[in-house]
Amino acid sequence: MKPTSQSHRLDQMGRIDRNRPLTFTFNGKPIQGYAGDTVASALLAHGIHLVGRSFKYHRPRGIISHGSEEPNALLRVDRGAGREEPNNRATVIEARDGLQVFSQNHWPSLTLDALEINDLLSPIFSAGFYYKTFMWPAKFWKKLYEPLIRRASGLGEAPGTADLDRYQHRFAHCEVLVVGAGPSGLAAALAASQNPQTRVFLVDESTEMGGSLLHDAEAEIDGQGALDWLEASLATLASRKNLTLLTRTTAFGYYNHNMIGLAERVSDHLAMPQHLPRERLWQLRAGRVILACGAHERPLVFPGNDRPGILLAESIRAYLNRYGVLAGQRLVIATCGGAPYQLALEARRAGASVTLCDRRRPDECGPELGLAEAAGCEILTATAIVGTRGHDRVRAVQIAPIHGAPPSLPRWLECDAVGMHGGFTPNVQLYSQSRGKLRFATEIDAFVPGDAVQANQSAGACRGIYDLDACLLDGWQAGGGTHRTFVASPRPGGFLPGGPWEDATGGEKAFVDFQNDVTSKDIGFAVDEGFRAIEHVKRYTTTGMATDQGKTSNMNALGLVARKLRQPVARTGTTTFRLPYTPVSFGAFAGPHHEAMFDPVRRTPMHGEAEAAGAVFEDVGTWKRALFFRREGETMAQAVAREARNVRENVGVFDASTLGKIEINGPDAGAFLNRIYFNDVLKLAVGRARYGLMLREDGHIFDDGIIARLDTNHYHITTTTGGAGRAQAHLENYLQTEWPELQAYATPVTEQWAVISVQGPRAREVLAPLMTGMDISRAAMPHMSVRTGACCGVPCRLFRVSFTGELGFEVNVPADYGPMIWRAILDSGRGIAPYGTQAMHVMRAEKGYIIVGQETDGTASPADVGLGAMTPRSKPDYVGQRGLLRAEMTRPGRKQLVGLLSLDPAQVLDEGAQIVRHSRADVPMASLGHVTSAYASPNCRCAIALAMVENGAARHGETVYVTRPNGWSKVHICPPVFVDAQGSRVHG
Amino acid sequence: MVEMPIRQLPDMAGDERFGTACQMCVVAPRQRLVLRCARPLARAGGFDLGIAINRFSRNGGLVAARVGPDEFWLFGPLDAPILGEVAAAFAAKPHALVDVSHAQAGVSLGGDRVSEVLNAGCPLDLGLAAFPVQMATRTLLGKAPVLLMREAPEHFLVETARSHIDYVRQFIRLAAREYMAP
């Protein structure tokens, strides 16, 4: 394909590297450019202005700016599968070889878009249209209206494939952060970094530092060309080791305590990113922040002001001076101030014809008038644009005299580009995010920062200082610099406040918010319909919302509302600005925390052994636990049944290493635990263990586990797997804040010990040969006791405890020895098989043992789950004692733990299912409670369940109904013990 | 029946290099003790305990890190009789001395970009003024709690729970990867 020529590229000028040509594609067509180009500058070099369709009316739209404030030129960037991203601003995408970009929001093509019909139908699409029109019938909203509206409006489409790029995070600290590397920011960084002990960050969202200096080629600073001054300043900054310079980095969020979020685009601009991440999200804590964010140029609000080819005047300058692109040969500049006269001079010199339409009368203008006239510009004072023509690109503007100018008919001026200037709007977004309150400055018709709420200071154009020398001095001083002045070329000044003006009534739409397709009429409607508060107008019309956050539109919208309400802008106030300043990719926020790295995956010491034995794992918190051990040809149900039967009939081995473990030491260890636990701990003898319940202050169950006394002042307690962290915090909290007088210490040892639970009638027979230094005979080591000695020569704490209802031991060995001991136990006899958490659950439910968090839900008391008998008789105080005295805790009708047996023994209930008295009662029925655990029990040969049921203890024998997805299960309520009700087997 | 005990270490990966930016080495098995005492001695079992909070001391192969008002982490070689000696020294004082040798694993990190690599997941200021040599503190690396000790300006030790060591190593790998030569 033959590349289109860069017809608008000048032979000279610009900071692009003409020795490094490149080619990318726009809607499949090759576009040529040079290193240093943005997609926007390369498109403009080809005379391409039409790059997208507007949000609501599908009007043809072009590039209007040269920076991140661009509301129109949003493109889809495609860097290959898994690397697609919608809504990128053409003005900030760096052109590079192989890049593919596409326009959005049109069908069938960019130049011919069927939904352009919306533009003609626009009288019915005014503000609030959706709220008023699609209200009825209500059920049509979800199925019909919303999908249709969403398809017709909106911008790019979200990519459908997972993001393949890598993203990184970085925390950093500095004494001074300077946001923005324009003249003020550079001067601030130069001053602040003089002291080598002061760590300074200078960040700028652009590809290179310099801000407006990059296109202010003719300006002079201290007798040097501005670009030479810039180069020298950057060299100075680069030589300072205490300074970190970050380009392509947007300070997008100002959080509390001077935490600034930075989004650094690390490698998108590189054809070969190598090992670099795509983006880096910085969380930077700054001692002080200097905001040197510059100002945005304000568009003028005139009918048809959104045609492609109508740009911000300063942006035309930027394309000319920075990229060597002349946006149009016949340029019209519409202005209410002197700033764009510099553009007029530069465009003339580049060979364009220039007509200036200045709102100001000649007597309101300064010397810029004569200079422009001398350069050959046509100047029309007291003149405004009242209409435009052109589809893909502006072809003509209609101009008319205003206020006191000699009357003449409106006339049409042919042109191929328009620059507009409605003044500047200081960029106060970060200051506003820092919670600072804005102050209205009438003379510049803009809000500027008021007092600082956090440790920050605004400098230069973002606080309404526009002269170059003043900006430099303001930055220097903000950076702590003294004893210095700057001499810089003056900029054409003068500005007529009071905009935006509506010089034409009727006719075409005059846009205020380009991104959200909000017109001046919409704002007027909103006020007519009674919206007075600016925040309400914003939401009703959507002006200033979404990713744009009103960068170009905000002041114009405020001005219109104020005029309509006949009140000053200062009283109308402004909306607050939301972060992020510009869109940040989801990947940057996620950083490395995704997929396998979303959370740490914790494996027990015996994980490899379990894996080799066919374990299927489940996630328990962040732990991987063996759910069951699959043998060839088995279903999960078969495997679980086999494992559970084997424990009851033979012996099973279970990895219990994830249980939380805490050692309690010190002379007051017993007294401390006696206060922490619900049950009595003081009477626990050395060498004995006991089931323990911890309550919260409110009397509800918090955690449970085993309390074992190893020595007089030495206890080893266990907690639930998921509760280990919070139980440790609970103990530390009471030790540090409630009972600092107690001499007791709690040390977490969860991971020190590998725990191998050996359960079943043959457990003792299996373990006895492996143990030394311990007598584990029935007589010497009863149920609920603890011994220390060695297992296969490895130091061992042996607990005789059971969560299955069988004779059982838990072998604790230092973690590195876990695999070896696991193998030794499995090899020490026939028929020994590992079992997983599912079989463990089944067996404990067969015994009616609760699991905290499954039977309990944060509202259960010990009595509710059948543990009322543990209530201590003679304890002066413990955590939860007062809570248990509340009337609510002893109220009749509380839910209590029961067992459920389905009439159909094969019918396993659904956990969480509701329980009611009659299946045929009127809806809504009163719920009696819910199922907490339900399993097929291989040992009972039927389905069993545990449930929390109102007055459950008194309902044994009753028949009730349990909800199913398609009907009901009829069940009997029974005591919550299904196997060995006498509990003799644990003493085997 | 009884064989020689076999230790199976949690971290089976070897040393890794990411150019001059970062080198990650496995810490060999060693003894780790947690000592808790409200009024600690200045010396015990060869450890220098007279140190400020969030600092560590080194005496030959013995390292003591004070990570709280009453909490020390003691590190020593496998064969050093530190458990008995420290216990004896503190016998008269209410204290806790708990062996956690197997509960933790560690990596040592060196290199000229090691602070940046750590700051990919550690929110602390690792500038030398804020985090000097001999500093030790609990902090986070990504989502893993770690004990971070600075042994030299460009040399850190990261201790973490044994079940977190795979995550910690992978986190460092991902953070250091960009410094590898192309």
# chains A, B, ... in the order shown; residues from 1 in each chain; ligands from 1
call {"tool": "interface_residues", "arguments": {"of": "chain A", "to": "chain B", "cutoff": "7 Å", "atoms": "only C-alpha atoms", "output": "PyMOL selection string"}}
result
chain A and resi 168-173+274-277+599-604+665-667+743+745+749+751-752+792-794+814-817+820
call {"tool": "write_last_selection", "arguments": {"atoms": "C-alpha atoms", "output": "mmCIF file, in the first residue's frame"}}
result
data_model
loop_
_atom_site.group_PDB
_atom_site.id
_atom_site.type_symbol
_atom_site.label_atom_id
_atom_site.label_comp_id
_atom_site.auth_asym_id
_atom_site.auth_seq_id
_atom_site.Cartn_x
_atom_site.Cartn_y
_atom_site.Cartn_z
ATOM 1 C CA GLN A 168 4.941 -3.576 38.694
ATOM 2 C CA HIS A 169 4.445 -1.580 41.846
ATOM 3 C CA ARG A 170 6.962 0.616 43.620
ATOM 4 C CA PHE A 171 6.874 2.344 46.963
ATOM 5 C CA ALA A 172 9.070 5.399 47.328
ATOM 6 C CA HIS A 173 9.704 8.278 49.662
ATOM 7 C CA GLN A 274 12.702 -6.852 26.807
ATOM 8 C CA HIS A 275 12.271 -7.536 30.508
ATOM 9 C CA LEU A 276 10.562 -4.267 31.314
ATOM 10 C CA PRO A 277 7.065 -4.208 32.756
ATOM 11 C CA ASP A 599 -2.151 -14.164 47.349
ATOM 12 C CA PRO A 600 0.655 -16.238 48.805
ATOM 13 C CA VAL A 601 -0.102 -19.922 48.282
ATOM 14 C CA ARG A 602 0.858 -21.690 51.486
ATOM 15 C CA ARG A 603 1.788 -25.348 51.412
ATOM 16 C CA THR A 604 2.388 -27.604 54.380
ATOM 17 C CA ASN A 665 4.959 -18.937 78.616
ATOM 18 C CA GLY A 666 5.481 -17.121 81.865
ATOM 19 C CA PRO A 667 4.470 -17.305 85.521
ATOM 20 C CA GLN A 743 3.665 -11.962 83.089
ATOM 21 C CA TYR A 745 3.964 -14.232 76.529
ATOM 22 C CA VAL A 749 4.550 -21.416 66.392
ATOM 23 C CA GLU A 751 4.800 -23.242 61.157
ATOM 24 C CA GLN A 752 7.395 -24.636 63.536
ATOM 25 C CA CYS A 792 11.965 -41.754 64.841
ATOM 26 C CA GLY A 793 14.650 -39.857 66.714
ATOM 27 C CA VAL A 794 13.083 -36.484 66.048
ATOM 28 C CA PRO A 814 9.717 -29.755 63.685
ATOM 29 C CA ALA A 815 8.488 -28.889 60.221
ATOM 30 C CA ASP A 816 11.529 -29.957 58.202
ATOM 31 C CA TYR A 817 11.099 -33.485 59.562
ATOM 32 C CA MET A 820 10.095 -38.117 56.817
#
call {"tool": "select_by_dssp", "arguments": {"residues": "range 40-135 of chain B", "states": "helix (DSSP H, G or I)", "output": "list of chain:residue names"}}
result
B:Ile82, B:Leu83, B:Gly84, B:Glu85, B:Val86, B:Ala87, B:Ala88, B:Ala89, B:Val114, B:Ser115, B:Glu116, B:Val117, B:Leu118, B:Asn119
call {"tool": "closest_residue", "arguments": {"among": "B:Met24, B:Leu33, B:Val133, B:Ala13", "to": "Pro748 in chain A", "atoms": "only C-alpha atoms"}}
result
B:Leu33
call {"tool": "residues_around", "arguments": {"residues": "Ile53 in chain B", "least_positions_apart": "4", "cutoff": "12 Å", "atoms": "only C-alpha atoms", "output": "mmCIF file with N, CA and C atoms, in the first residue's frame"}}
result
data_model
loop_
_atom_site.group_PDB
_atom_site.id
_atom_site.type_symbol
_atom_site.label_atom_id
_atom_site.label_comp_id
_atom_site.auth_asym_id
_atom_site.auth_seq_id
_atom_site.Cartn_x
_atom_site.Cartn_y
_atom_site.Cartn_z
ATOM 1 N N LEU B 49 22.227 -8.013 73.608
ATOM 2 C CA LEU B 49 20.811 -7.626 73.623
ATOM 3 C C LEU B 49 20.610 -6.151 73.993
ATOM 4 N N SER B 57 22.127 -6.750 66.462
ATOM 5 C CA SER B 57 23.548 -6.789 66.804
ATOM 6 C C SER B 57 24.126 -8.087 66.255
ATOM 7 N N ALA B 64 21.242 -10.935 67.061
ATOM 8 C CA ALA B 64 20.033 -10.666 67.851
ATOM 9 C C ALA B 64 19.335 -9.455 67.258
ATOM 10 N N ALA B 65 18.063 -9.610 66.932
ATOM 11 C CA ALA B 65 17.295 -8.488 66.397
ATOM 12 C C ALA B 65 16.195 -8.139 67.391
ATOM 13 N N ARG B 66 16.137 -6.859 67.744
ATOM 14 C CA ARG B 66 15.103 -6.427 68.693
ATOM 15 C C ARG B 66 13.950 -5.849 67.873
ATOM 16 N N VAL B 67 12.854 -6.549 67.825
ATOM 17 C CA VAL B 67 11.755 -6.121 66.961
ATOM 18 C C VAL B 67 10.571 -5.576 67.755
ATOM 19 N N GLY B 68 10.738 -5.442 69.053
ATOM 20 C CA GLY B 68 9.684 -4.846 69.875
ATOM 21 C C GLY B 68 10.261 -4.527 71.226
ATOM 22 N N PRO B 69 9.511 -3.859 72.088
ATOM 23 C CA PRO B 69 10.050 -3.493 73.393
ATOM 24 C C PRO B 69 10.526 -4.715 74.174
ATOM 25 N N ASP B 70 9.808 -5.841 74.040
ATOM 26 C CA ASP B 70 10.177 -7.023 74.827
ATOM 27 C C ASP B 70 10.431 -8.235 73.937
ATOM 28 N N GLU B 71 10.719 -7.992 72.654
ATOM 29 C CA GLU B 71 10.826 -9.129 71.736
ATOM 30 C C GLU B 71 12.137 -9.110 70.964
ATOM 31 N N PHE B 72 12.847 -10.231 71.040
ATOM 32 C CA PHE B 72 14.106 -10.402 70.297
ATOM 33 C C PHE B 72 14.004 -11.643 69.423
ATOM 34 N N TRP B 73 14.607 -11.547 68.252
ATOM 35 C CA TRP B 73 14.781 -12.742 67.421
ATOM 36 C C TRP B 73 16.278 -13.072 67.458
ATOM 37 N N GLN B 134 22.051 -2.217 60.070
ATOM 38 C CA GLN B 134 21.759 -2.717 61.420
ATOM 39 C C GLN B 134 20.302 -2.513 61.816
ATOM 40 N N MET B 135 19.487 -2.067 60.877
ATOM 41 C CA MET B 135 18.063 -1.954 61.204
ATOM 42 C C MET B 135 17.379 -3.291 60.921
ATOM 43 N N ALA B 136 16.423 -3.603 61.768
ATOM 44 C CA ALA B 136 15.629 -4.827 61.609
ATOM 45 C C ALA B 136 14.191 -4.496 61.963
ATOM 46 N N THR B 137 13.276 -4.892 61.120
ATOM 47 C CA THR B 137 11.877 -4.613 61.448
ATOM 48 C C THR B 137 10.948 -5.597 60.755
ATOM 49 N N ARG B 138 9.780 -5.764 61.332
ATOM 50 C CA ARG B 138 8.732 -6.511 60.642
ATOM 51 C C ARG B 138 8.099 -5.588 59.616
#
call {"tool": "residues_around", "arguments": {"residues": "Ala28 in chain B", "least_positions_apart": "3", "cutoff": "12 Å", "atoms": "only C-alpha atoms", "output": "short mmCIF file (atom, residue, chain, number, x, y, z; two decimals) with N, CA, C and O atoms, in the first residue's frame"}}
result
data_model
loop_
_atom_site.label_atom_id
_atom_site.label_comp_id
_atom_site.auth_asym_id
_atom_site.auth_seq_id
_atom_site.Cartn_x
_atom_site.Cartn_y
_atom_site.Cartn_z
N LEU B 9 14.10 -29.17 53.59
CA LEU B 9 14.00 -27.72 53.73
C LEU B 9 12.88 -27.15 52.85
O LEU B 9 12.61 -27.70 51.78
N PRO B 10 12.25 -26.10 53.31
CA PRO B 10 11.12 -25.57 52.56
C PRO B 10 11.53 -24.95 51.23
O PRO B 10 10.78 -24.98 50.27
N ASP B 11 12.72 -24.41 51.19
CA ASP B 11 13.11 -23.68 49.99
C ASP B 11 14.12 -24.50 49.21
O ASP B 11 15.28 -24.57 49.56
N MET B 12 13.69 -25.13 48.14
CA MET B 12 14.57 -26.01 47.39
C MET B 12 15.22 -25.28 46.21
O MET B 12 16.03 -25.86 45.50
N ALA B 13 14.87 -24.04 45.97
CA ALA B 13 15.45 -23.29 44.85
C ALA B 13 16.86 -22.84 45.23
O ALA B 13 17.19 -22.69 46.39
N GLY B 14 17.68 -22.63 44.23
CA GLY B 14 19.05 -22.22 44.49
C GLY B 14 19.22 -20.71 44.45
O GLY B 14 18.26 -19.96 44.50
N ASP B 15 20.48 -20.27 44.37
CA ASP B 15 20.76 -18.85 44.29
C ASP B 15 20.41 -18.33 42.89
O ASP B 15 20.50 -19.06 41.92
N CYS B 25 20.13 -15.18 47.49
CA CYS B 25 20.76 -16.41 47.96
C CYS B 25 19.94 -17.02 49.10
O CYS B 25 19.36 -16.30 49.91
N GLN B 31 19.64 -21.87 63.61
CA GLN B 31 18.71 -21.81 64.75
C GLN B 31 18.06 -20.44 64.80
O GLN B 31 18.69 -19.42 64.60
N ARG B 32 16.78 -20.46 65.13
CA ARG B 32 16.03 -19.22 65.30
C ARG B 32 15.26 -19.34 66.60
O ARG B 32 14.51 -20.30 66.79
N PHE B 75 19.41 -15.50 66.22
CA PHE B 75 19.84 -16.41 65.15
C PHE B 75 21.23 -16.94 65.46
O PHE B 75 22.10 -16.17 65.86
N GLY B 76 21.42 -18.22 65.24
CA GLY B 76 22.75 -18.80 65.49
C GLY B 76 22.95 -20.05 64.66
O GLY B 76 22.00 -20.61 64.12
N PRO B 77 24.21 -20.50 64.57
CA PRO B 77 24.49 -21.72 63.80
C PRO B 77 23.78 -22.93 64.42
O PRO B 77 23.43 -22.91 65.60
N LEU B 78 23.61 -23.97 63.60
CA LEU B 78 22.86 -25.14 64.04
C LEU B 78 23.46 -25.77 65.30
O LEU B 78 22.73 -26.26 66.15
N SER B 101 13.08 -22.50 64.79
CA SER B 101 14.06 -22.72 63.72
C SER B 101 13.41 -23.18 62.43
O SER B 101 13.82 -22.81 61.34
N HIS B 102 12.39 -24.03 62.55
CA HIS B 102 11.78 -24.61 61.35
C HIS B 102 10.63 -23.76 60.81
O HIS B 102 10.12 -24.03 59.74
N GLN B 104 10.60 -20.66 59.99
CA GLN B 104 10.97 -19.56 59.10
C GLN B 104 11.91 -20.05 58.01
O GLN B 104 12.56 -21.08 58.15
N ALA B 105 12.00 -19.25 56.97
CA ALA B 105 13.01 -19.46 55.96
C ALA B 105 13.50 -18.07 55.56
O ALA B 105 12.80 -17.09 55.79
N GLY B 106 14.68 -18.02 54.96
CA GLY B 106 15.20 -16.70 54.64
C GLY B 106 15.94 -16.66 53.32
O GLY B 106 16.40 -17.69 52.82
N VAL B 107 16.00 -15.46 52.75
CA VAL B 107 16.87 -15.23 51.61
C VAL B 107 17.71 -14.01 51.91
O VAL B 107 17.27 -13.09 52.60
N SER B 108 18.91 -14.00 51.39
CA SER B 108 19.73 -12.80 51.52
C SER B 108 19.82 -12.17 50.14
O SER B 108 19.92 -12.86 49.13
N GLU B 159 13.52 -12.58 56.17
CA GLU B 159 13.04 -13.80 56.83
C GLU B 159 11.53 -13.83 56.72
O GLU B 159 10.85 -12.81 56.92
#
call {"tool": "closest_residue", "arguments": {"among": "A:Ala588, A:Leu177, A:Ile851, A:Ala327", "to": "Glu264 in chain A", "atoms": "only C-alpha atoms"}}
result
A:Ala588
call {"tool": "select_by_dssp", "arguments": {"residues": "chain B", "states": "strand (DSSP E or B)", "output": "PyMOL selection string"}}
result
chain B and resi 16-18+20+22-26+31-36+43-44+47-48+55-59+62-68+71-76+96-99+104-110+135-141+144-152+155-161
call {"tool": "residues_around", "arguments": {"residues": "Glu16 in chain B", "least_positions_apart": "4", "cutoff": "10 Å", "atoms": "only C-alpha atoms", "output": "ChimeraX atom specification"}}
result
/B:22-26,109,169,173
call {"tool": "residues_around", "arguments": {"residues": "Thr482 in chain A", "least_positions_apart": "3", "cutoff": "12 Å", "atoms": "only C-alpha atoms", "output": "ChimeraX atom specification"}}
result
/A:187-188,190-192,194,473-479,485-486
call {"tool": "residues_around", "arguments": {"residues": "Pro426 in chain A", "least_positions_apart": "2", "cutoff": "12 Å", "atoms": "only C-alpha atoms", "output": "MDAnalysis selection string"}}
result
chainID A and resid 291:298 423:424 428:432 438:441 444:449 458:466 551:552 554:555
call {"tool": "closest_residue", "arguments": {"among": "B:Gly110, B:Phe56, B:Leu74, B:Arg43", "to": "Phe90 in chain B", "atoms": "only C-alpha atoms"}}
result
B:Arg43
